[in-house]
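Source file: data30.cif; contents: mmCIF, C-alpha atoms.
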data_target
loop_
_atom_site.label_atom_id
_atom_site.label_comp_id
_atom_site.auth_asym_id
_atom_site.auth_seq_id
_atom_site.Cartn_x
_atom_site.Cartn_y
_atom_site.Cartn_z
CA MET H 229 0.00 0.00 0.00
CA ASN H 230 1.51 3.33 -1.06
CA VAL H 231 1.46 6.57 0.93
CA SER H 232 -1.57 7.90 -0.94
CA GLN H 233 -3.62 4.77 -0.25
CA THR H 234 -2.61 4.78 3.41
CA LEU H 235 -3.59 8.43 3.80
CA THR H 236 -6.92 7.84 2.04
CA ARG H 237 -7.79 4.94 4.37
CA PHE H 238 -6.81 6.97 7.45
CA VAL H 239 -8.98 9.90 6.39
CA LEU H 240 -11.88 7.56 5.62
CA ILE H 241 -11.74 5.90 9.04
CA LEU H 242 -11.42 9.29 10.78
CA ALA H 243 -14.41 10.62 8.85
CA VAL H 244 -16.53 7.64 9.87
CA LEU H 245 -15.60 8.14 13.52
CA ILE H 246 -16.44 11.84 13.38
CA GLY H 247 -19.69 11.17 11.53
CA VAL H 248 -20.92 8.69 14.11
CA LEU H 249 -19.77 10.85 17.04
CA VAL H 250 -21.94 13.73 15.90
CA GLY H 251 -24.84 11.39 15.19
CA VAL H 252 -24.76 11.52 11.40
CA THR H 253 -24.32 8.47 9.20
CA LEU H 254 -21.46 8.97 6.76
CA VAL H 255 -22.43 8.74 3.09
CA ILE H 256 -19.27 8.07 1.11
CA GLY H 257 -18.94 10.02 -2.12
CA GLN H 258 -18.70 8.54 -5.60
CA ASN H 259 -14.95 9.12 -5.63
CA VAL H 260 -14.54 6.31 -3.07
CA PRO H 261 -14.92 2.87 -4.69
CA ASP H 262 -17.65 0.60 -3.36
CA GLY H 263 -18.72 3.02 -0.66
CA TRP H 264 -21.89 1.39 0.69
CA THR H 265 -22.41 1.99 4.42
CA VAL H 266 -24.99 0.46 6.77
CA THR H 267 -25.64 1.79 10.26
CA TYR H 268 -27.22 -0.39 12.93
CA VAL H 269 -27.67 -0.85 16.66
CA ILE H 270 -26.12 -3.87 18.31
CA ARG H 271 -26.09 -5.27 21.82
CA ASP H 272 -22.63 -6.68 22.46
CA ALA H 273 -21.50 -9.60 24.60
CA ASP H 274 -21.09 -7.34 27.65
CA ASN H 275 -24.81 -6.46 27.37
CA THR H 276 -24.26 -2.84 26.29
CA TRP H 277 -25.76 -1.17 23.22
CA ASN H 278 -23.60 0.32 20.47
CA VAL H 279 -24.20 2.25 17.28
CA ARG H 280 -22.10 0.78 14.49
CA THR H 281 -21.35 1.92 10.98
CA LEU H 282 -20.39 -0.89 8.64
CA LEU H 283 -18.35 -0.12 5.54
CA VAL H 284 -19.62 -3.13 3.65
CA ASP H 285 -16.87 -3.55 1.08
CA ARG H 286 -14.08 -2.77 3.52
CA ARG H 287 -15.51 -5.04 6.26
CA LEU H 288 -14.95 -2.31 8.80
CA HIS H 289 -17.24 -1.89 11.84
CA VAL H 290 -16.99 1.39 13.79
CA PRO H 291 -18.78 1.13 17.20
CA ILE H 292 -19.90 4.04 19.41
CA PRO H 293 -21.50 3.20 22.81
CA LEU H 294 -25.13 4.11 23.60
CA ASP H 295 -25.90 5.00 27.21
CA ILE H 296 -29.25 3.23 27.51
CA PRO H 297 -30.43 0.27 29.63
CA SER H 298 -29.46 -3.15 28.30
CA ASN H 299 -33.09 -4.34 28.32
CA ALA H 300 -34.34 -1.34 26.29
CA VAL H 301 -35.04 -1.62 22.57
CA PRO H 302 -33.58 1.38 20.64
CA HIS H 303 -35.10 3.10 17.61
CA LEU H 304 -32.82 5.60 15.89
CA SER H 305 -34.18 8.67 14.07
CA PRO H 306 -33.43 8.88 10.31
CA ASP H 307 -30.77 11.55 10.89
CA HIS H 308 -29.33 9.49 13.80
CA ARG H 309 -29.49 12.41 16.27
CA PHE H 310 -32.17 10.92 18.53
CA VAL H 311 -32.81 7.48 20.01
CA LEU H 312 -36.17 6.29 21.30
CA HIS H 313 -35.65 3.51 23.79
CA GLY H 314 -38.09 1.64 25.95
CA THR H 315 -38.72 -1.50 27.94
CA GLY H 316 -42.45 -1.73 27.21
CA ILE H 317 -43.23 0.14 30.43
CA GLU H 318 -41.26 3.35 30.03
CA LEU H 319 -40.45 5.02 26.69
CA ARG H 320 -37.71 7.70 26.63
CA LEU H 321 -36.19 10.03 24.03
CA LEU H 322 -32.39 10.42 24.06
CA ASN H 323 -30.66 13.35 22.32
CA ARG H 324 -27.30 11.87 21.29
CA GLN H 325 -25.70 15.31 20.94
CA THR H 326 -26.69 16.81 24.30
CA GLY H 327 -27.24 13.65 26.33
CA ASP H 328 -30.74 14.79 27.39
CA ASP H 329 -32.95 11.76 28.07
CA VAL H 330 -36.62 12.66 28.61
CA LEU H 331 -39.63 10.53 29.44
CA VAL H 332 -42.22 10.25 26.66
CA GLY H 333 -44.72 7.94 28.32
CA ASN H 334 -45.60 4.29 28.77
CA GLY H 335 -45.35 2.53 25.46
CA PHE H 336 -43.47 0.74 22.70
CA ALA H 337 -43.68 -0.04 18.94
CA THR H 338 -42.12 3.24 17.88
CA ILE H 339 -41.49 4.45 14.33
CA TRP H 340 -40.01 7.73 13.04
CA SER H 341 -41.26 9.99 10.28
CA PRO H 342 -38.83 10.65 7.38
CA ASP H 343 -38.32 14.28 8.44
CA ASN H 344 -37.20 13.37 12.00
CA ALA H 345 -39.87 15.70 13.41
CA ARG H 346 -42.39 13.07 14.55
CA PHE H 347 -42.65 9.55 15.83
CA ALA H 348 -45.52 7.22 16.63
CA TYR H 349 -45.80 4.81 19.52
CA PHE H 350 -48.38 2.57 21.15
CA ASN H 351 -49.38 3.79 24.61
CA ASN H 352 -50.07 0.69 26.68
CA VAL H 353 -51.87 2.66 29.41
CA ASN H 354 -54.74 4.11 27.38
CA GLY H 355 -54.47 1.65 24.48
CA GLN H 356 -53.86 4.35 21.86
CA THR H 357 -51.41 4.78 19.05
CA ARG H 358 -50.13 8.34 19.41
CA ILE H 359 -48.03 10.70 17.28
CA VAL H 360 -45.47 12.89 19.03
CA THR H 361 -44.03 16.02 17.38
CA ILE H 362 -40.65 17.36 18.53
CA ASP H 363 -38.51 20.38 17.68
CA GLU H 364 -34.85 20.48 16.62
CA SER H 365 -33.65 20.08 20.21
CA GLY H 366 -35.88 17.09 20.89
CA THR H 367 -38.39 19.01 23.03
CA ILE H 368 -41.88 17.51 22.76
CA ILE H 369 -44.27 20.03 21.16
CA SER H 370 -47.47 18.01 20.92
CA GLU H 371 -48.92 14.52 21.27
CA THR H 372 -52.12 13.39 19.57
CA PRO H 373 -53.90 10.05 19.05
CA VAL H 374 -54.02 8.51 15.58
CA LEU H 375 -57.74 8.69 14.86
CA PHE H 376 -58.93 7.75 11.37
CA ASP H 377 -62.42 8.85 10.31
CA ILE H 378 -63.92 5.91 8.39
CA ASP H 379 -67.63 5.94 7.46
CA THR H 380 -68.34 8.60 10.12
CA THR H 381 -66.82 6.30 12.75
CA ASP H 382 -63.59 7.36 14.44
CA THR H 383 -61.30 4.35 14.25
CA LEU H 384 -58.62 4.41 16.93
CA THR H 385 -55.66 2.53 15.51
CA THR H 386 -53.82 -0.03 17.61
CA GLY H 387 -50.58 -0.43 15.69
CA SER H 388 -47.73 1.78 14.57
CA PRO H 389 -48.40 3.63 11.30
CA ILE H 390 -45.73 3.86 8.61
CA TRP H 391 -45.12 7.20 6.95
CA SER H 392 -44.99 7.58 3.18
CA PRO H 393 -41.54 8.46 1.76
CA ASN H 394 -42.44 12.17 1.62
CA GLY H 395 -43.89 12.13 5.14
CA GLU H 396 -47.28 13.45 3.99
CA HIS H 397 -49.34 10.28 4.53
CA LEU H 398 -49.73 7.45 7.00
CA ALA H 399 -50.64 3.83 6.38
CA ILE H 400 -51.59 1.36 9.08
CA VAL H 401 -53.04 -2.13 9.45
CA THR H 402 -56.20 -2.60 11.53
CA PRO H 403 -58.15 -5.81 12.23
CA GLU H 404 -61.42 -4.16 11.23
CA PHE H 405 -60.48 -2.53 7.92
CA GLY H 406 -57.22 -4.14 6.83
CA LEU H 407 -54.82 -1.58 5.34
CA LEU H 408 -55.77 2.08 5.86
CA MET H 409 -54.18 5.26 4.53
CA ALA H 410 -54.65 8.87 5.65
CA ASN H 411 -52.98 12.26 5.69
CA GLN H 412 -50.33 12.89 8.33
CA ASP H 413 -52.95 14.51 10.62
CA SER H 414 -55.20 11.42 10.30
CA SER H 415 -57.68 13.24 8.00
CA GLY H 416 -58.84 11.94 4.62
CA ALA H 417 -58.69 8.30 5.66
CA GLN H 418 -59.46 5.61 3.11
CA VAL H 419 -59.47 1.82 3.05
CA VAL H 420 -56.70 0.57 0.74
CA THR H 421 -57.65 -3.13 0.88
CA PRO H 422 -61.48 -3.16 1.16
CA THR H 423 -61.81 -6.92 0.66
CA ILE H 424 -58.66 -8.00 2.52
CA ARG H 425 -58.31 -7.98 6.32
CA ASN H 426 -55.43 -10.27 7.30
CA VAL H 427 -52.54 -8.03 6.20
CA GLN H 428 -49.27 -9.20 7.79
CA THR H 429 -46.87 -6.52 6.64
CA PHE H 430 -46.59 -3.75 4.05
CA ALA H 431 -44.09 -1.31 2.52
CA TRP H 432 -44.41 1.97 0.65
CA ALA H 433 -42.89 2.22 -2.84
CA PRO H 434 -40.04 4.78 -3.04
CA ASP H 435 -42.25 7.17 -5.06
CA GLY H 436 -45.13 6.82 -2.57
CA GLU H 437 -47.59 5.88 -5.32
CA GLN H 438 -47.87 2.17 -4.50
CA ILE H 439 -47.89 -0.07 -1.44
CA ALA H 440 -46.75 -3.68 -1.41
CA PHE H 441 -48.33 -5.94 1.19
CA ILE H 442 -48.51 -9.58 2.24
CA TRP H 443 -51.75 -11.08 3.49
CA SER H 444 -52.83 -14.54 4.62
CA ASP H 445 -55.99 -16.45 3.76
CA PHE H 446 -56.85 -18.55 6.77
CA MET H 447 -59.50 -20.38 4.74
CA LEU H 448 -56.62 -21.76 2.66
CA GLY H 449 -54.61 -22.90 5.67
CA GLY H 450 -52.75 -19.63 6.10
CA GLN H 451 -51.49 -19.39 2.52
CA SER H 452 -49.84 -15.98 2.04
CA PHE H 453 -49.99 -13.71 -0.99
CA LEU H 454 -47.84 -10.78 -2.11
CA ARG H 455 -49.69 -7.91 -3.79
CA VAL H 456 -48.94 -4.36 -4.95
CA VAL H 457 -51.74 -1.80 -4.89
CA ASN H 458 -51.74 1.40 -6.95
CA LEU H 459 -53.00 4.13 -4.62
CA GLU H 460 -54.42 6.30 -7.42
CA ASP H 461 -57.01 3.79 -8.67
CA ASN H 462 -56.66 0.86 -6.19
CA THR H 463 -55.72 -1.58 -8.95
CA MET H 464 -53.83 -4.68 -7.78
CA MET H 465 -50.69 -6.34 -9.12
CA PHE H 466 -50.46 -10.05 -8.26
CA VAL H 467 -46.80 -10.71 -7.46
CA SER H 468 -46.81 -14.09 -5.70
CA GLU H 469 -49.48 -16.64 -4.81
CA ASP H 470 -47.48 -18.52 -2.20
CA VAL H 471 -45.21 -16.55 0.12
CA ASN H 472 -44.28 -18.90 2.96
CA THR H 473 -44.48 -16.49 5.89
CA ARG H 474 -45.36 -18.58 8.90
CA LEU H 475 -43.07 -16.42 11.03
CA THR H 476 -41.92 -12.78 11.09
CA VAL H 477 -41.42 -11.34 7.63
CA THR H 478 -39.60 -8.28 6.27
CA LEU H 479 -40.72 -6.65 3.01
CA GLU H 480 -38.51 -4.03 1.30
CA TRP H 481 -38.67 -2.15 -2.02
CA SER H 482 -35.43 -1.52 -3.86
CA PRO H 483 -34.56 2.21 -4.10
CA ASP H 484 -35.19 2.17 -7.87
CA GLY H 485 -38.70 0.75 -7.30
CA ARG H 486 -38.19 -2.25 -9.58
CA TYR H 487 -37.65 -5.05 -7.03
CA LEU H 488 -39.30 -6.36 -3.89
CA ALA H 489 -37.34 -8.42 -1.38
CA VAL H 490 -39.05 -10.69 1.13
CA ALA H 491 -37.13 -12.17 4.06
CA THR H 492 -38.55 -14.85 6.36
CA PRO H 493 -37.00 -17.29 8.85
CA THR H 494 -38.66 -20.16 6.97
CA THR H 495 -37.91 -19.55 3.28
CA GLY H 496 -34.94 -17.20 3.57
CA LEU H 497 -34.57 -14.35 1.08
CA ILE H 498 -36.63 -14.08 -2.12
CA ILE H 499 -36.39 -11.22 -4.65
CA TYR H 500 -39.18 -10.32 -7.08
CA ASP H 501 -38.56 -8.40 -10.31
CA LEU H 502 -41.74 -6.39 -10.91
CA VAL H 503 -40.74 -5.36 -14.44
CA ASP H 504 -39.82 -8.77 -15.86
CA ASP H 505 -42.26 -10.65 -13.60
CA ALA H 506 -39.47 -12.91 -12.35
CA GLU H 507 -38.70 -14.54 -9.00
CA ILE H 508 -35.11 -14.85 -7.76
CA GLY H 509 -34.38 -17.22 -4.91
CA PRO H 510 -34.75 -18.35 -2.31
CA VAL H 511 -31.17 -17.30 -1.62
CA ASP H 512 -29.80 -20.17 0.50
CA ASN H 513 -32.81 -20.78 2.75
CA ASN H 514 -30.45 -22.13 5.42
CA MET H 515 -29.72 -18.47 6.14
CA GLN H 516 -33.27 -17.98 7.51
CA ALA H 517 -33.25 -14.28 6.66
CA THR H 518 -34.93 -11.69 8.86
CA THR H 519 -34.10 -7.98 8.69
CA LEU H 520 -32.81 -6.72 5.33
CA ARG H 521 -31.78 -3.52 3.53
CA TRP H 522 -31.00 -2.65 -0.09
CA SER H 523 -27.87 -0.84 -1.21
CA PRO H 524 -28.53 2.69 -2.58
CA ASP H 525 -27.91 1.51 -6.17
CA SER H 526 -30.36 -1.43 -5.84
CA GLU H 527 -27.59 -3.86 -6.84
CA ARG H 528 -27.09 -5.65 -3.48
CA LEU H 529 -28.84 -6.53 -0.25
CA ILE H 530 -27.67 -7.01 3.31
CA PHE H 531 -29.71 -9.20 5.65
CA GLN H 532 -29.49 -10.74 9.07
CA SER H 533 -29.72 -14.50 9.50
CA PHE H 534 -32.12 -15.88 12.08
CA ALA H 535 -29.86 -18.94 12.33
CA ASP H 536 -26.68 -17.26 13.60
CA ASN H 537 -27.60 -13.52 13.92
CA ASP H 538 -24.75 -12.68 11.53
CA TYR H 539 -25.06 -10.41 8.49
CA TYR H 540 -24.85 -11.55 4.88
CA VAL H 541 -24.49 -9.52 1.68
CA VAL H 542 -25.75 -10.87 -1.64
CA ASP H 543 -26.00 -9.52 -5.18
CA ARG H 544 -29.44 -8.72 -6.53
CA ASP H 545 -29.38 -11.80 -8.78
CA GLY H 546 -28.86 -14.04 -5.74
CA ASP H 547 -25.16 -14.71 -6.38
CA ASN H 548 -21.96 -13.85 -4.51
CA LEU H 549 -23.16 -14.45 -0.94
CA ARG H 550 -20.71 -12.98 1.61
CA HIS H 551 -20.64 -13.58 5.36
CA TYR H 552 -20.13 -10.77 7.92
CA PRO H 553 -19.69 -12.42 11.35
CA LEU H 554 -20.86 -10.60 14.46
CA THR H 555 -20.20 -11.37 18.11
CA SER H 556 -23.61 -10.30 19.41
CA ASP H 557 -26.77 -12.12 20.37
CA LEU H 558 -28.98 -9.35 19.02
CA ALA H 559 -28.72 -6.72 16.30
CA VAL H 560 -31.30 -4.27 15.02
CA PHE H 561 -30.94 -2.36 11.78
CA MET H 562 -31.58 1.35 11.87
CA ARG H 563 -33.83 3.09 9.40
#

Could you rewrite the structure in this file as structure tokens?
Amino acid sequence: MNVSQTLTRFVLILAVLIGVLVGVTLVIGQNVPDGWTVTYVIRDADNTWNVRTLLVDRRLHVPIPLDIPSNAVPHLSPDHRFVLHGTGIELRLLNRQTGDDVLVGNGFATIWSPDNARFAYFNNVNGQTRIVTIDESGTIISETPVLFDIDTTDTLTTGSPIWSPNGEHLAIVTPEFGLLMANQDSSGAQVVTPTIRNVQTFAWAPDGEQIAFIWSDFMLGGQSFLRVVNLEDNTMMFVSEDVNTRLTVTLEWSPDGRYLAVATPTTGLIIYDLVDDAEIGPVDNNMQATTLRWSPDSERLIFQSFADNDYYVVDRDGDNLRHYPLTSDLAVFMR
């Protein structure tokens, strides 16, 4: 390695350290070859939480400790400045820059909006899903219940909504109506799946114009189906008639909107090409895939294996599987 290469690597590592210290995930420029980074939370062998940035192609993990209880489950904001952490009884908001750690309430099942200004959580005291708005410093400005007006009946949701990519809409699954969508203030609610109730999971398309979802038909022994609904006219695209999702499933669109990836502990990782109507996989179902993320160029995926809790990277066509060992019993990807 020449002097220039050594200096480049030193600057890269230093930049990652600085980026994580100030709570911002480093995005490596195009002038750095193979610069895909993934940031995640991990609980190490000593039972402490850490934020780690993984430089995928350099196999470099950069850990920064998180000062939260070992039994709390962390949820990082999109800009990585705040961490929601709770034990199911007490939910708190940590400002990673100032160290302020304030009580939000009693609850869990948190999810952040894309603009970092709001999060939703399920309050297990009053049984409501509530949206909290904060300012730049993390101070709570307001807290309101998620109340969808459907057929003149106020439907109080009981799960965490997922924001659209532009943060203007919410979608949520309810036992009564299936998949619902509304504006960010809960107004203008509409039923997205009027004839389907048993929706297991769903994901917004990158352009916010479609939603992919998986539902189970208990009359057919729990057979699961993968569909894509166009939100403008509610037309359906039939992607798969048999998604084996007996256990927890993760559903993710590729950033270019062409592919859907489904990860389950039973069938592993399967990729669907929505343009060519093709199915790729399963990618080594011994991996028992759970959490997954796409690379920014939609060419690769990283997923966690339910079998060994390690990470694996695979090309979009299912080839070139690489193993990234971890020494933890639990890891949670950040959004």

*Could you list the residues chosen by the PyMOL selection byres ((chain H and resi 313) around 12) in this structure as number ranges by chain?*
H: 269, 277, 294-305, 310-312, 314-323, 329-339, 349

Region 293-358 of chain H residues near region 412-431 of chain H within 12 Å, closest pair each, using all atoms listed in the file, as a Markdown table:
| residue | atom | partner | partner_atom | distance |
| --- | --- | --- | --- | --- |
| H:Ser341 | CA | H:Gln412 | CA | 9.7 |
| H:Pro342 | CA | H:Gln412 | CA | 11.8 |
| H:Ala345 | CA | H:Gln412 | CA | 12.0 |
| H:Arg346 | CA | H:Gln412 | CA | 10.1 |
| H:Phe347 | CA | H:Gln412 | CA | 11.2 |
| H:Ala348 | CA | H:Gln412 | CA | 11.1 |
| H:Thr357 | CA | H:Ser414 | CA | 11.6 |
| H:Arg358 | CA | H:Ser414 | CA | 10.9 |

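One distance worth recording is that between CA of Asp504 (chain H) and CA of Asn394 (chain H), which is 27.4 Å.
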
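A straight line drawn from CA of Thr519 (chain H) to CA of Gln532 (chain H) is 5.4 Å long.
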
_Non-local contacts of Ile498 (chain H) (12 Å; all atoms listed in the file; under 3 positions in same chain excluded) as an NGL selection string_ = :H and (454 or 467-468 or 470-473 or 477-480 or 487-495 or 501 or 506-513 or 515-518 or 520 or 529 or 531 or 542-546)

Restricting the output to C-alpha atoms, write the selected residues as a PDB file, in the coordinates of the input.
ATOM      1  CA  LEU H 454     -47.840 -10.780  -2.110  1.00  0.00           C
ATOM      2  CA  VAL H 467     -46.800 -10.710  -7.460  1.00  0.00           C
ATOM      3  CA  SER H 468     -46.810 -14.090  -5.700  1.00  0.00           C
ATOM      4  CA  ASP H 470     -47.480 -18.520  -2.200  1.00  0.00           C
ATOM      5  CA  VAL H 471     -45.210 -16.550   0.120  1.00  0.00           C
ATOM      6  CA  ASN H 472     -44.280 -18.900   2.960  1.00  0.00           C
ATOM      7  CA  THR H 473     -44.480 -16.490   5.890  1.00  0.00           C
ATOM      8  CA  VAL H 477     -41.420 -11.340   7.630  1.00  0.00           C
ATOM      9  CA  THR H 478     -39.600  -8.280   6.270  1.00  0.00           C
ATOM     10  CA  LEU H 479     -40.720  -6.650   3.010  1.00  0.00           C
ATOM     11  CA  GLU H 480     -38.510  -4.030   1.300  1.00  0.00           C
ATOM     12  CA  TYR H 487     -37.650  -5.050  -7.030  1.00  0.00           C
ATOM     13  CA  LEU H 488     -39.300  -6.360  -3.890  1.00  0.00           C
ATOM     14  CA  ALA H 489     -37.340  -8.420  -1.380  1.00  0.00           C
ATOM     15  CA  VAL H 490     -39.050 -10.690   1.130  1.00  0.00           C
ATOM     16  CA  ALA H 491     -37.130 -12.170   4.060  1.00  0.00           C
ATOM     17  CA  THR H 492     -38.550 -14.850   6.360  1.00  0.00           C
ATOM     18  CA  PRO H 493     -37.000 -17.290   8.850  1.00  0.00           C
ATOM     19  CA  THR H 494     -38.660 -20.160   6.970  1.00  0.00           C
ATOM     20  CA  THR H 495     -37.910 -19.550   3.280  1.00  0.00           C
ATOM     21  CA  ASP H 501     -38.560  -8.400 -10.310  1.00  0.00           C
ATOM     22  CA  ALA H 506     -39.470 -12.910 -12.350  1.00  0.00           C
ATOM     23  CA  GLU H 507     -38.700 -14.540  -9.000  1.00  0.00           C
ATOM     24  CA  ILE H 508     -35.110 -14.850  -7.760  1.00  0.00           C
ATOM     25  CA  GLY H 509     -34.380 -17.220  -4.910  1.00  0.00           C
ATOM     26  CA  PRO H 510     -34.750 -18.350  -2.310  1.00  0.00           C
ATOM     27  CA  VAL H 511     -31.170 -17.300  -1.620  1.00  0.00           C
ATOM     28  CA  ASP H 512     -29.800 -20.170   0.500  1.00  0.00           C
ATOM     29  CA  ASN H 513     -32.810 -20.780   2.750  1.00  0.00           C
ATOM     30  CA  MET H 515     -29.720 -18.470   6.140  1.00  0.00           C
ATOM     31  CA  GLN H 516     -33.270 -17.980   7.510  1.00  0.00           C
ATOM     32  CA  ALA H 517     -33.250 -14.280   6.660  1.00  0.00           C
ATOM     33  CA  THR H 518     -34.930 -11.690   8.860  1.00  0.00           C
ATOM     34  CA  LEU H 520     -32.810  -6.720   5.330  1.00  0.00           C
ATOM     35  CA  LEU H 529     -28.840  -6.530  -0.250  1.00  0.00           C
ATOM     36  CA  PHE H 531     -29.710  -9.200   5.650  1.00  0.00           C
ATOM     37  CA  VAL H 542     -25.750 -10.870  -1.640  1.00  0.00           C
ATOM     38  CA  ASP H 543     -26.000  -9.520  -5.180  1.00  0.00           C
ATOM     39  CA  ARG H 544     -29.440  -8.720  -6.530  1.00  0.00           C
ATOM     40  CA  ASP H 545     -29.380 -11.800  -8.780  1.00  0.00           C
ATOM     41  CA  GLY H 546     -28.860 -14.040  -5.740  1.00  0.00           C
TER      42      GLY H 546
END

*Could you state the separation of CA of Trp481 (chain H) and CA of Ser444 (chain H) in Å, given to one decimal place?*
20.0 Å

*Name the residues that the PyMOL selection byres ((chain H and resi 539) around 8) picks from the file above, as a VMD selection string, using the file's chain letters and numbers.*
chain H and resid 530 to 533 537 to 538 540 to 541 551 to 554
